[in-house]
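One structure is given here, and the rest of the page talks about it.
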Amino acid sequence: MKDKPIGIFDSGVGGLTVLKEIYKLLPNENLIYLGDTARVPYGIRSPETVIKYSLQCAEFLYKKGIKLLVVACNTSSSISIETLRKNFDIPIIGVIEPGAKTALTITKNNKIGVIGTEATIKSKAYPLTIKSLKDDVFVISKACPLFVPIVEEGILEGAIADLIIEKYLMEIKESGIDTLILGCTHYPLLKKSIKKYMKDINLVDSAEAVAQDVKRLLIENNLLNTRKTENTKIFYVTDAPDRFKKIGEIFLNFEIDNISKISLELEEITK
Ligand code: DGL
C-alpha cells in the first residue's frame with residue numbers, strides 16, 4: 001500500500017504548483033498527475049459541469065490504484081470535494097482547507113483577502129471554510145480571471161502583469177487585510193509581482209500548505225513511502241501534451257517526460 005502512488009489532478013497545467021511542493025516535501029512518493037487540458041478552464045464553468053469533470057478525473061486516477069487523491073484545482077476543490085469524498089474510499093485532500101488554515105495562523109488583524117477564479121469566488125468556499133474555523137474574521141474576495149491566461153503566456157512580471165494586478169487588487173489592498181490567499185493554482189507564479197504591489201501583506205500559497213497536509217495524512221494513515229529509491233512521476237493529459245510539456249516546465253523548473261494523452265469522456269462513472 002505504501003508503494004502506491006499519490007494521484008493529483010487539476011483542470012490543466014496549474015496543479016503542477018501543487019505537485020512541485022509535494023515532490024519537494026515527499027521525494028520518496030510515486031506521483032501520478034492528471035491535467036484535464038482538453039476542458040480547461042474549469043473556473044468559468046457551472047458547478048454541475050465542474051462536479052462532472054472532477055468525478056471523471058478522480059475515477060481515472062482511482063482506477064490507477066492511488067492511495068491518496070489530491071485535488072490540486074481550487075475551482076474543483078471549492079465545488080466538488082464533498083461529492084468526491086462520498087464517491088471514493090480513499091483519503092482526499094483539497095486545497096481550500098489547508099490554505100484557509102494557513103491564513104488563519106498568519107493573520108494578526110483577522111482580515112483576510114482571497115483571490116481565485118470566478119467559480120471559486122462565487123462558491124464562497126474560502127470564506128465559509130475560514131468562518132467555520134473562526135467566526136470573527138473579515139474576508140474580502142475577488143475573482144481575477146485574467147491571471148490564468150497571463151501566467152500561461154509566461155507573463156509573470158513587467159508592465160502588463162503590474163497593470164492587471166493593480167486592476168484586480170486595488171480594492172483588496174485598500175481594505176486593510178494583512179493576509180492574502182492565492183486561491184488558484186496559477187497565482188503562485190505571480191507571487192513576486194503580487195508581493196511588489198501588496199508590499200507588507202502576507203501571501204498564502206496553498207500549494208505549500210497542501211503538501212504539508214498530504215504529509216500529515218500519510219503519516220496518520222501509515223501510508224508514507226519509506227523506500228529510498230527515486231520516485232516515479234507519470235503525467236496524463238486529455239489534450240495537447242506538447243503544450244502541457246512546454247508550459248509545465250515553466251511551472252516545475254524540471255523536464256517533464258512520461259506524458260500520455262487519454263480520454264476522460266470514455267471514463268464511466270460507476271459510483
Ligand atoms: N486550476 C484552476 C484553479 O485553481 C485554474 C484554471 C481553471 O480555471 O481551470 O482554480
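Residues in the C-alpha cells are named by chain (A, B, ... in the order shown) and by number from 1 within that chain; ligands are numbered from 1 in the order shown.
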Check your understanding: Once you count only C-alpha atoms and all ligand atoms, which residues end up within 9 Å of ligand 1, and could you hand them over as a VMD selection string?
Key -> chain A and resid 10 to 15 36 to 37 39 to 45 72 to 78 95 116 to 120 145 148 to 149 183 to 187
Closest atom pairs, residues of region 56-103 of chain A within 9 Å of region 202-214 of chain A, only C-alpha atoms, as a Markdown table:
| residue | atom | partner | partner_atom | distance |
| --- | --- | --- | --- | --- |
| A:Leu68 | CA | A:Val214 | CA | 8.4 |
| A:Val70 | CA | A:Val214 | CA | 8.0 |
| A:Ala72 | CA | A:Ala207 | CA | 7.9 |
| A:Ile93 | CA | A:Val214 | CA | 7.2 |
| A:Gly94 | CA | A:Val210 | CA | 7.6 |
| A:Val95 | CA | A:Val210 | CA | 6.0 |
| A:Ile96 | CA | A:Ser206 | CA | 7.6 |
| A:Glu97 | CA | A:Val210 | CA | 8.5 |
| A:Pro98 | CA | A:Ala209 | CA | 5.2 |
| A:Gly99 | CA | A:Ser206 | CA | 4.5 |
| A:Ala100 | CA | A:Ser206 | CA | 8.3 |
| A:Lys101 | CA | A:Ala209 | CA | 8.5 |
| A:Thr102 | CA | A:Ala209 | CA | 6.7 |
| A:Ala103 | CA | A:Val204 | CA | 6.3 |
Check your understanding: Among region 10-247 of chain A, which ones does DSSP place in strand (DSSP E), written as a ChimeraX atom specification?
Key -> /A:10,31-35,68-71,92-93,111-116,138-143,179-182,202-205,233-237
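Put simply, CA of Glu166 (chain A) is 24.8 Å away from CA of Leu104 (chain A).
Between CA of Thr229 (chain A) and CA of Lys4 (chain A) lies a distance of 13.8 Å.
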